[in-house]
Amino acid sequence: MTQDSHSEGLTTRILHADRRQGAEHGAVHKPIHTSSQYAYSDARELAAVFQGKPGFSYARQGTPTTAALESKLAIMEQGRASIVFSTGMAALAAMFTTLLKSGDHLISSQYVFGNTNSLFGSLRQLGIEVTLVDATDVEAVSAAIQPNTRMVFVETIANPGTQIADLAGIGRLAKENGLLYVIDSTLTSPWLFKARDVQASLVMHSLSKHIAGQAQALGGALIDTGLFDWFSYPNILDIYKSGDPAGWGLTQIKKKGLRDMGATLAAEPAHRIALGAETLALRLERACDNALALARMLQAHTAVDMVSYPGLAGHPQHERAKVLFGGRYGTLLSFAPISKVDCFDLLNRLKVAVLATHLGDTRTLCLPAAHTIYFEMGHQMRAQMGIADNLIRVSVGIEDEADLLHDFSSALTSCADGL
Ligand SMILES: *Cc1c(COP(=O)(O)O)cnc(C)c1O
């Protein structure tokens with residue numbers, strides 16, 4: 001192999017991104033820029049920046065610190081460019097409302113994050129039609145296509161049921177039909193899954209989860225893979241049709257969705273997210289190994305009725321997950337104890353795992369899914385989504401494996417003994 005054909009891995013690229021782009025004074029981290037505005041000695045330069053020349057004007061549209069994070073995220077997804085937002089939901093809201101308009105049709109997986117599902121209600125009020133389908137089957141997506149369909153939206157590993165969409169099949173379908181293909185890859189992160197490889201148009205991440213990694217900052221991102229033909233997309237406003245058409249989509253999202261709506265990521269959390277990203281691979285490797293070990297232990301336990309984890313051979317999309325995620329299966333699992341065990345009683349006996357919402361943290365987190373994150377949805381919708389009343393969602397962290405297994409097995413055994 002010649003030196004030129006060597007391509008660097010994910011962690012090397014993240015670690016050296018700031019330095020290679022020339023951070024101030026040779027700093028190895030991009031500094032935290034807190035200035036709200038950026039001044040120019042030449043008024044023509046100031047005007048040029050307002051007219052699209054790369055540069056900074058007012059921090060609502062970004063700072064050198066958020067720009068450094070954006071370029072790191074684009075590197076991580078091998079994409080063309082990226083935009084960051086104050087939260088993952090802000091990124092999704094900006095993306096849907098600026099790329100879709102009244103009369104358009106969106107096809108989404110029925111297995112999506114609860115707040116995304118709730119956001120679809122707001123899109124419907126704006127006159128956007130939303131059809132939910134079982135995206136584990138590409139035929140269901142295909143059957144839902146209408147003349148006004150503009151976009152297909154899916155997640156990689158669904159929460160809490162761990163269903164895995166036919167990500168590659170949907171990519172081919174979207175390409176054949178000229179549809180925007182948007183993948184929320186929060187549960188996989190760029191370490192497990194390359195959205196580019198399945199022809200995604202845009203990749204979304206809640207940076208609050210695996211990428212920040214330690215539950216210490218909120219953020220969201222959209223990355224353009226560069227694979228979509230924005231020139232033919234009917235919803236780009238004339239004012240944003242200048243320069244290379246490959247940039248039109250993100251320009252519109254940035255102007256309408258970030259500048260006008262204002263859900264800007266501040267420099268301080270951007271910095272913390274960038275620091276977290278440096279250890280993404282180390283954390284995920286450990287957490288994925290822990291999750292597999294915990295799933296296997298739970299499956300073998302007599303007080304457990306059901307376990308959902310893509311790493312288990314009996315998972316309906318186990319083979320698909322193996323191919324898509326390179327032999328690792330993520331950090332999220334859900335399980336239901338036998339009906340005689342009360343899920344609250346079980347959770348209250350855990351000593352290591354933390355009773356809290358959120359996922360992708362270094363700590364293991366658990367909650368009773370039907371009574372918390374899916375409470376607002378109601379019983380019928382939960383039943384449709386396969387969320388049992390005693391379902392426990394676990395986001396597995398990086399604790400020592402033996403401690404986690406001991407925590408769950410002793411809680412289960414002591415619950416079952418009490419019966
Ligand atoms: C958490 C999450 C979001 C929303 O991200 P926030 O940063 O919490 O706003 C969106 N999608 C998925 C899959 C998530 O897990």
# chains A, B, ... in the order shown; residues from 1 in each chain; ligands from 1
call {"tool": "residues_around", "arguments": {"residues": "Ala59 in chain A", "least_positions_apart": "2", "cutoff": "8 Å", "atoms": "only C-alpha atoms", "output": "list in words"}}
result
Ser35, Ser36, Gln37, Phe56, Ser57, Gln61, Gly62 and Thr63 of chain A
call {"tool": "residues_near_ligand", "arguments": {"ligand": "ligand 1", "cutoff": "7 Å", "atoms": "only C-alpha atoms and all ligand atoms", "output": "PyMOL selection string"}}
result
chain A and resi 87-90+112-113+116+155+159+184-187+206-209+218-220+358-359
call {"tool": "select_by_dssp", "arguments": {"residues": "range 37-114 of chain A", "states": "alpha helix (DSSP H)", "output": "number ranges by chain"}}
result
A: 43-50, 64-76, 88-99, 114
call {"tool": "closest_atom_pairs", "arguments": {"of": "range 251-319 of chain A", "to": "range 30-34 of chain A", "cutoff": "12 Å", "atoms": "only C-alpha atoms", "output": "Markdown table"}}
result
| residue | atom | partner | partner_atom | distance |
| --- | --- | --- | --- | --- |
| A:Leu265 | CA | A:Thr34 | CA | 11.6 |
| A:Ala266 | CA | A:Thr34 | CA | 8.2 |
| A:Ala267 | CA | A:Ile32 | CA | 5.7 |
| A:Glu268 | CA | A:Ile32 | CA | 6.2 |
| A:Pro269 | CA | A:Ile32 | CA | 9.3 |
| A:Ala270 | CA | A:Ile32 | CA | 8.3 |
| A:His271 | CA | A:Ile32 | CA | 6.5 |
| A:Arg272 | CA | A:Ile32 | CA | 9.7 |
| A:Ile273 | CA | A:Ile32 | CA | 11.9 |
| A:Ala274 | CA | A:Lys30 | CA | 9.1 |
| A:Leu275 | CA | A:Lys30 | CA | 10.1 |
call {"tool": "write_last_selection", "arguments": {"atoms": "N, CA, C and O atoms", "output": "PDB file, in the first residue's frame"}}
result
ATOM      1  N   LEU A 265     -26.728  27.001  18.712  1.00  0.00           N
ATOM      2  CA  LEU A 265     -25.878  26.340  19.713  1.00  0.00           C
ATOM      3  C   LEU A 265     -24.849  27.357  20.206  1.00  0.00           C
ATOM      4  O   LEU A 265     -24.126  27.957  19.406  1.00  0.00           O
ATOM      5  N   ALA A 266     -24.777  27.551  21.520  1.00  0.00           N
ATOM      6  CA  ALA A 266     -23.804  28.499  22.073  1.00  0.00           C
ATOM      7  C   ALA A 266     -22.402  27.885  22.022  1.00  0.00           C
ATOM      8  O   ALA A 266     -22.233  26.666  21.912  1.00  0.00           O
ATOM      9  N   ALA A 267     -21.396  28.753  22.112  1.00  0.00           N
ATOM     10  CA  ALA A 267     -20.009  28.304  21.947  1.00  0.00           C
ATOM     11  C   ALA A 267     -19.567  27.349  23.059  1.00  0.00           C
ATOM     12  O   ALA A 267     -18.841  26.382  22.799  1.00  0.00           O
ATOM     13  N   GLU A 268     -20.013  27.603  24.283  1.00  0.00           N
ATOM     14  CA  GLU A 268     -19.578  26.771  25.411  1.00  0.00           C
ATOM     15  C   GLU A 268     -20.022  25.303  25.253  1.00  0.00           C
ATOM     16  O   GLU A 268     -19.190  24.392  25.305  1.00  0.00           O
ATOM     17  N   PRO A 269     -21.328  25.044  25.027  1.00  0.00           N
ATOM     18  CA  PRO A 269     -21.700  23.641  24.787  1.00  0.00           C
ATOM     19  C   PRO A 269     -21.074  23.071  23.512  1.00  0.00           C
ATOM     20  O   PRO A 269     -20.777  21.868  23.461  1.00  0.00           O
ATOM     21  N   ALA A 270     -20.871  23.903  22.507  1.00  0.00           N
ATOM     22  CA  ALA A 270     -20.231  23.397  21.276  1.00  0.00           C
ATOM     23  C   ALA A 270     -18.842  22.849  21.599  1.00  0.00           C
ATOM     24  O   ALA A 270     -18.433  21.797  21.106  1.00  0.00           O
ATOM     25  N   HIS A 271     -18.132  23.567  22.449  1.00  0.00           N
ATOM     26  CA  HIS A 271     -16.796  23.132  22.858  1.00  0.00           C
ATOM     27  C   HIS A 271     -16.865  21.809  23.617  1.00  0.00           C
ATOM     28  O   HIS A 271     -16.088  20.879  23.372  1.00  0.00           O
ATOM     29  N   ARG A 272     -17.829  21.713  24.532  1.00  0.00           N
ATOM     30  CA  ARG A 272     -17.925  20.471  25.324  1.00  0.00           C
ATOM     31  C   ARG A 272     -18.304  19.286  24.449  1.00  0.00           C
ATOM     32  O   ARG A 272     -17.841  18.169  24.677  1.00  0.00           O
ATOM     33  N   ILE A 273     -19.159  19.531  23.472  1.00  0.00           N
ATOM     34  CA  ILE A 273     -19.551  18.450  22.557  1.00  0.00           C
ATOM     35  C   ILE A 273     -18.332  17.991  21.748  1.00  0.00           C
ATOM     36  O   ILE A 273     -18.099  16.791  21.557  1.00  0.00           O
ATOM     37  N   ALA A 274     -17.534  18.969  21.311  1.00  0.00           N
ATOM     38  CA  ALA A 274     -16.337  18.619  20.533  1.00  0.00           C
ATOM     39  C   ALA A 274     -15.363  17.795  21.376  1.00  0.00           C
ATOM     40  O   ALA A 274     -14.738  16.843  20.878  1.00  0.00           O
ATOM     41  N   LEU A 275     -15.238  18.135  22.654  1.00  0.00           N
ATOM     42  CA  LEU A 275     -14.360  17.339  23.537  1.00  0.00           C
ATOM     43  C   LEU A 275     -14.909  15.918  23.681  1.00  0.00           C
ATOM     44  O   LEU A 275     -14.159  14.940  23.624  1.00  0.00           O
TER      45      LEU A 275
END
call {"tool": "closest_atom_pairs", "arguments": {"of": "range 121-169 of chain A", "to": "range 318-321 of chain A", "cutoff": "10 Å", "atoms": "only C-alpha atoms", "output": "CSV"}}
result
residue,atom,partner,partner_atom,distance
A:Thr136,CA,A:Arg320,CA,9.9
A:Thr156,CA,A:Ala321,CA,9.4
A:Ile157,CA,A:Ala321,CA,8.9
A:Gln163,CA,A:His318,CA,9.6
A:Ile164,CA,A:Ala321,CA,7.1
A:Ala165,CA,A:Arg320,CA,9.0
A:Asp166,CA,A:Arg320,CA,7.8
A:Leu167,CA,A:Arg320,CA,9.1
A:Ala168,CA,A:Arg320,CA,9.5
call {"tool": "write_last_selection", "arguments": {"atoms": "all heavy atoms", "output": "mmCIF file, in the first residue's frame"}}
result
data_model
loop_
_atom_site.group_PDB
_atom_site.id
_atom_site.type_symbol
_atom_site.label_atom_id
_atom_site.label_comp_id
_atom_site.auth_asym_id
_atom_site.auth_seq_id
_atom_site.Cartn_x
_atom_site.Cartn_y
_atom_site.Cartn_z
ATOM 1 N N THR A 136 -39.110 -1.155 8.691
ATOM 2 C CA THR A 136 -38.232 -2.333 8.654
ATOM 3 C C THR A 136 -38.447 -3.064 7.324
ATOM 4 O O THR A 136 -37.649 -3.888 6.939
ATOM 5 C CB THR A 136 -38.522 -3.313 9.823
ATOM 6 O OG1 THR A 136 -39.877 -3.791 9.718
ATOM 7 C CG2 THR A 136 -38.332 -2.637 11.171
ATOM 8 N N THR A 156 -32.149 4.920 12.874
ATOM 9 C CA THR A 156 -31.339 3.722 12.610
ATOM 10 C C THR A 156 -31.781 2.576 13.524
ATOM 11 O O THR A 156 -32.284 1.562 13.059
ATOM 12 C CB THR A 156 -29.847 4.045 12.794
ATOM 13 O OG1 THR A 156 -29.663 4.698 14.044
ATOM 14 C CG2 THR A 156 -29.334 4.923 11.667
ATOM 15 N N ILE A 157 -31.611 2.765 14.837
ATOM 16 C CA ILE A 157 -32.097 1.790 15.812
ATOM 17 C C ILE A 157 -33.208 2.508 16.571
ATOM 18 O O ILE A 157 -32.981 3.571 17.146
ATOM 19 C CB ILE A 157 -30.993 1.372 16.809
ATOM 20 C CG1 ILE A 157 -29.783 0.774 16.062
ATOM 21 C CG2 ILE A 157 -31.552 0.373 17.831
ATOM 22 C CD1 ILE A 157 -28.603 0.433 16.968
ATOM 23 N N GLN A 163 -36.143 -1.711 16.775
ATOM 24 C CA GLN A 163 -36.358 -2.115 15.380
ATOM 25 C C GLN A 163 -35.321 -1.415 14.487
ATOM 26 O O GLN A 163 -34.949 -0.273 14.755
ATOM 27 C CB GLN A 163 -37.765 -1.705 14.894
ATOM 28 C CG GLN A 163 -38.915 -2.353 15.629
ATOM 29 C CD GLN A 163 -39.350 -1.538 16.852
ATOM 30 O OE1 GLN A 163 -38.668 -0.611 17.295
ATOM 31 N NE2 GLN A 163 -40.495 -1.899 17.402
ATOM 32 N N ILE A 164 -34.906 -2.100 13.419
ATOM 33 C CA ILE A 164 -33.915 -1.505 12.518
ATOM 34 C C ILE A 164 -34.512 -1.392 11.118
ATOM 35 O O ILE A 164 -34.901 -2.387 10.508
ATOM 36 C CB ILE A 164 -32.623 -2.334 12.528
ATOM 37 C CG1 ILE A 164 -32.002 -2.189 13.925
ATOM 38 C CG2 ILE A 164 -31.640 -1.850 11.466
ATOM 39 C CD1 ILE A 164 -30.998 -3.212 14.245
ATOM 40 N N ALA A 165 -34.606 -0.150 10.657
ATOM 41 C CA ALA A 165 -35.193 0.105 9.336
ATOM 42 C C ALA A 165 -34.341 -0.564 8.256
ATOM 43 O O ALA A 165 -33.146 -0.790 8.447
ATOM 44 C CB ALA A 165 -35.263 1.612 9.101
ATOM 45 N N ASP A 166 -34.961 -0.827 7.116
ATOM 46 C CA ASP A 166 -34.194 -1.349 5.971
ATOM 47 C C ASP A 166 -33.447 -0.168 5.349
ATOM 48 O O ASP A 166 -33.820 0.375 4.307
ATOM 49 C CB ASP A 166 -35.133 -2.007 4.962
ATOM 50 C CG ASP A 166 -34.351 -2.652 3.819
ATOM 51 O OD1 ASP A 166 -33.110 -2.477 3.774
ATOM 52 O OD2 ASP A 166 -34.976 -3.316 2.982
ATOM 53 N N LEU A 167 -32.391 0.234 6.029
ATOM 54 C CA LEU A 167 -31.717 1.491 5.683
ATOM 55 C C LEU A 167 -31.159 1.480 4.261
ATOM 56 O O LEU A 167 -31.250 2.482 3.547
ATOM 57 C CB LEU A 167 -30.602 1.764 6.699
ATOM 58 C CG LEU A 167 -31.108 1.992 8.134
ATOM 59 C CD1 LEU A 167 -29.977 1.856 9.145
ATOM 60 C CD2 LEU A 167 -31.761 3.366 8.247
ATOM 61 N N ALA A 168 -30.606 0.342 3.832
ATOM 62 C CA ALA A 168 -30.026 0.269 2.486
ATOM 63 C C ALA A 168 -31.128 0.206 1.429
ATOM 64 O O ALA A 168 -31.058 0.898 0.404
ATOM 65 C CB ALA A 168 -29.098 -0.939 2.384
#
call {"tool": "closest_residue", "arguments": {"among": "A:Ile223, A:Glu24, A:Arg19, A:Ala43", "to": "Leu92 in chain A", "atoms": "only C-alpha atoms"}}
result
A:Ile223
call {"tool": "residues_around", "arguments": {"residues": "Phe325 in chain A", "least_positions_apart": "3", "cutoff": "9 Å", "atoms": "only C-alpha atoms", "output": "list of chain:residue names"}}
result
A:Thr188, A:Trp191, A:Leu192, A:Phe193, A:Lys194, A:Arg320, A:Ala321, A:Lys322, A:Arg328, A:Tyr329, A:Gly330
call {"tool": "select_by_dssp", "arguments": {"residues": "range 188-343 of chain A", "states": "strand (DSSP E)", "output": "list in words"}}
result
Leu202, Val203, Met204, His205, Ser206, Gly220, Ala221, Leu222, Ile223, Asp224, Val304, Asp305, Met306, Val307, Ser308, Leu332, Leu333, Ser334, Phe335, Ala336 and Pro337 of chain A
call {"tool": "decode", "arguments": {"residues": "range 200-248 of chain A", "atoms": "N, CA and C atoms", "output": "compact mmCIF listing (two decimals), in the first residue's frame"}}
result
# COMPACT_ATOMS: atom_id res chain seq x y z
N ALA A 200 -27.92 8.16 2.18
CA ALA A 200 -28.69 9.20 2.88
C ALA A 200 -28.40 10.55 2.25
N SER A 201 -29.42 11.43 2.23
CA SER A 201 -29.20 12.80 1.76
C SER A 201 -28.71 13.66 2.92
N LEU A 202 -29.41 13.57 4.06
CA LEU A 202 -29.05 14.32 5.26
C LEU A 202 -28.98 13.35 6.43
N VAL A 203 -28.02 13.56 7.32
CA VAL A 203 -27.91 12.77 8.54
C VAL A 203 -28.17 13.72 9.70
N MET A 204 -28.97 13.27 10.66
CA MET A 204 -29.24 14.08 11.84
C MET A 204 -28.66 13.37 13.06
N HIS A 205 -28.07 14.16 13.98
CA HIS A 205 -27.63 13.62 15.26
C HIS A 205 -28.14 14.51 16.38
N SER A 206 -28.66 13.89 17.44
CA SER A 206 -28.77 14.62 18.69
C SER A 206 -27.37 14.53 19.30
N LEU A 207 -26.68 15.65 19.32
CA LEU A 207 -25.31 15.67 19.85
C LEU A 207 -25.32 15.48 21.37
N SER A 208 -26.52 15.69 21.96
CA SER A 208 -26.68 15.53 23.40
C SER A 208 -26.41 14.09 23.85
N LYS A 209 -26.49 13.14 22.94
CA LYS A 209 -26.41 11.73 23.29
C LYS A 209 -24.97 11.22 23.14
N HIS A 210 -24.72 10.28 22.22
CA HIS A 210 -23.40 9.65 22.18
C HIS A 210 -22.25 10.61 21.86
N ILE A 211 -22.50 11.62 21.05
CA ILE A 211 -21.38 12.44 20.59
C ILE A 211 -20.83 13.30 21.73
N ALA A 212 -21.72 13.97 22.49
CA ALA A 212 -21.24 14.66 23.70
C ALA A 212 -20.87 13.60 24.73
N GLY A 213 -21.76 12.66 24.92
CA GLY A 213 -21.42 11.42 25.61
C GLY A 213 -21.48 11.37 27.11
N GLN A 214 -21.47 12.52 27.77
CA GLN A 214 -21.40 12.47 29.22
C GLN A 214 -22.52 13.29 29.87
N ALA A 215 -23.60 13.46 29.11
CA ALA A 215 -24.78 14.16 29.63
C ALA A 215 -24.42 15.52 30.21
N GLN A 216 -23.61 16.26 29.48
CA GLN A 216 -23.19 17.58 29.98
C GLN A 216 -23.40 18.71 28.98
N ALA A 217 -24.07 18.43 27.86
CA ALA A 217 -24.35 19.50 26.89
C ALA A 217 -25.47 19.03 25.97
N LEU A 218 -26.32 19.96 25.54
CA LEU A 218 -27.34 19.66 24.54
C LEU A 218 -26.91 20.24 23.20
N GLY A 219 -27.25 19.53 22.14
CA GLY A 219 -26.97 20.05 20.80
C GLY A 219 -27.56 19.13 19.76
N GLY A 220 -27.67 19.65 18.54
CA GLY A 220 -28.17 18.83 17.43
C GLY A 220 -27.42 19.20 16.17
N ALA A 221 -27.43 18.31 15.18
CA ALA A 221 -26.71 18.60 13.93
C ALA A 221 -27.40 17.98 12.74
N LEU A 222 -27.23 18.64 11.61
CA LEU A 222 -27.62 18.08 10.32
C LEU A 222 -26.36 18.07 9.46
N ILE A 223 -26.11 16.95 8.81
CA ILE A 223 -24.95 16.85 7.93
C ILE A 223 -25.45 16.49 6.53
N ASP A 224 -25.01 17.26 5.54
CA ASP A 224 -25.36 16.96 4.15
C ASP A 224 -24.29 16.02 3.60
N THR A 225 -24.72 14.84 3.14
CA THR A 225 -23.74 13.88 2.62
C THR A 225 -23.20 14.30 1.26
N GLY A 226 -23.89 15.22 0.59
CA GLY A 226 -23.47 15.64 -0.75
C GLY A 226 -24.05 14.74 -1.83
N LEU A 227 -24.90 13.79 -1.48
CA LEU A 227 -25.40 12.83 -2.47
C LEU A 227 -26.73 13.25 -3.11
N PHE A 228 -27.40 14.23 -2.52
CA PHE A 228 -28.74 14.58 -3.04
C PHE A 228 -28.64 15.68 -4.08
N ASP A 229 -29.53 15.60 -5.06
CA ASP A 229 -29.56 16.58 -6.14
C ASP A 229 -30.48 17.75 -5.77
N TRP A 230 -29.92 18.75 -5.09
CA TRP A 230 -30.73 19.90 -4.65
C TRP A 230 -31.23 20.73 -5.83
N PHE A 231 -30.54 20.64 -6.95
CA PHE A 231 -30.94 21.42 -8.13
C PHE A 231 -32.37 21.07 -8.55
N SER A 232 -32.73 19.78 -8.38
CA SER A 232 -34.06 19.35 -8.80
C SER A 232 -35.10 19.40 -7.67
N TYR A 233 -34.71 19.82 -6.48
CA TYR A 233 -35.66 19.82 -5.36
C TYR A 233 -36.56 21.04 -5.48
N PRO A 234 -37.89 20.82 -5.50
CA PRO A 234 -38.79 21.95 -5.83
C PRO A 234 -38.93 23.01 -4.74
N ASN A 235 -38.51 22.74 -3.51
CA ASN A 235 -38.78 23.70 -2.44
C ASN A 235 -37.63 24.65 -2.10
N ILE A 236 -36.63 24.72 -2.96
CA ILE A 236 -35.55 25.68 -2.68
C ILE A 236 -36.00 27.06 -3.18
N LEU A 237 -35.95 28.04 -2.28
CA LEU A 237 -36.38 29.40 -2.65
C LEU A 237 -35.37 30.00 -3.64
N ASP A 238 -35.87 30.83 -4.55
CA ASP A 238 -34.99 31.40 -5.59
C ASP A 238 -33.77 32.11 -4.99
N ILE A 239 -34.00 32.77 -3.86
CA ILE A 239 -32.91 33.56 -3.26
C ILE A 239 -31.72 32.69 -2.84
N TYR A 240 -31.98 31.40 -2.59
CA TYR A 240 -30.87 30.52 -2.18
C TYR A 240 -30.31 29.69 -3.32
N LYS A 241 -30.80 29.97 -4.53
CA LYS A 241 -30.28 29.25 -5.70
C LYS A 241 -29.12 30.03 -6.31
N SER A 242 -28.05 30.18 -5.53
CA SER A 242 -26.87 30.79 -6.14
C SER A 242 -25.67 29.97 -5.71
N GLY A 243 -24.66 30.00 -6.52
CA GLY A 243 -23.47 29.18 -6.23
C GLY A 243 -23.74 27.72 -6.54
N ASP A 244 -22.86 26.86 -6.04
CA ASP A 244 -22.92 25.43 -6.30
C ASP A 244 -24.23 24.83 -5.76
N PRO A 245 -25.06 24.21 -6.61
CA PRO A 245 -26.33 23.64 -6.14
C PRO A 245 -26.15 22.64 -5.01
N ALA A 246 -24.99 22.03 -4.88
CA ALA A 246 -24.76 21.07 -3.80
C ALA A 246 -24.94 21.72 -2.42
N GLY A 247 -24.79 23.05 -2.35
CA GLY A 247 -24.90 23.73 -1.06
C GLY A 247 -26.28 24.33 -0.79
N TRP A 248 -27.20 24.25 -1.75
CA TRP A 248 -28.47 24.96 -1.61
C TRP A 248 -29.29 24.49 -0.41
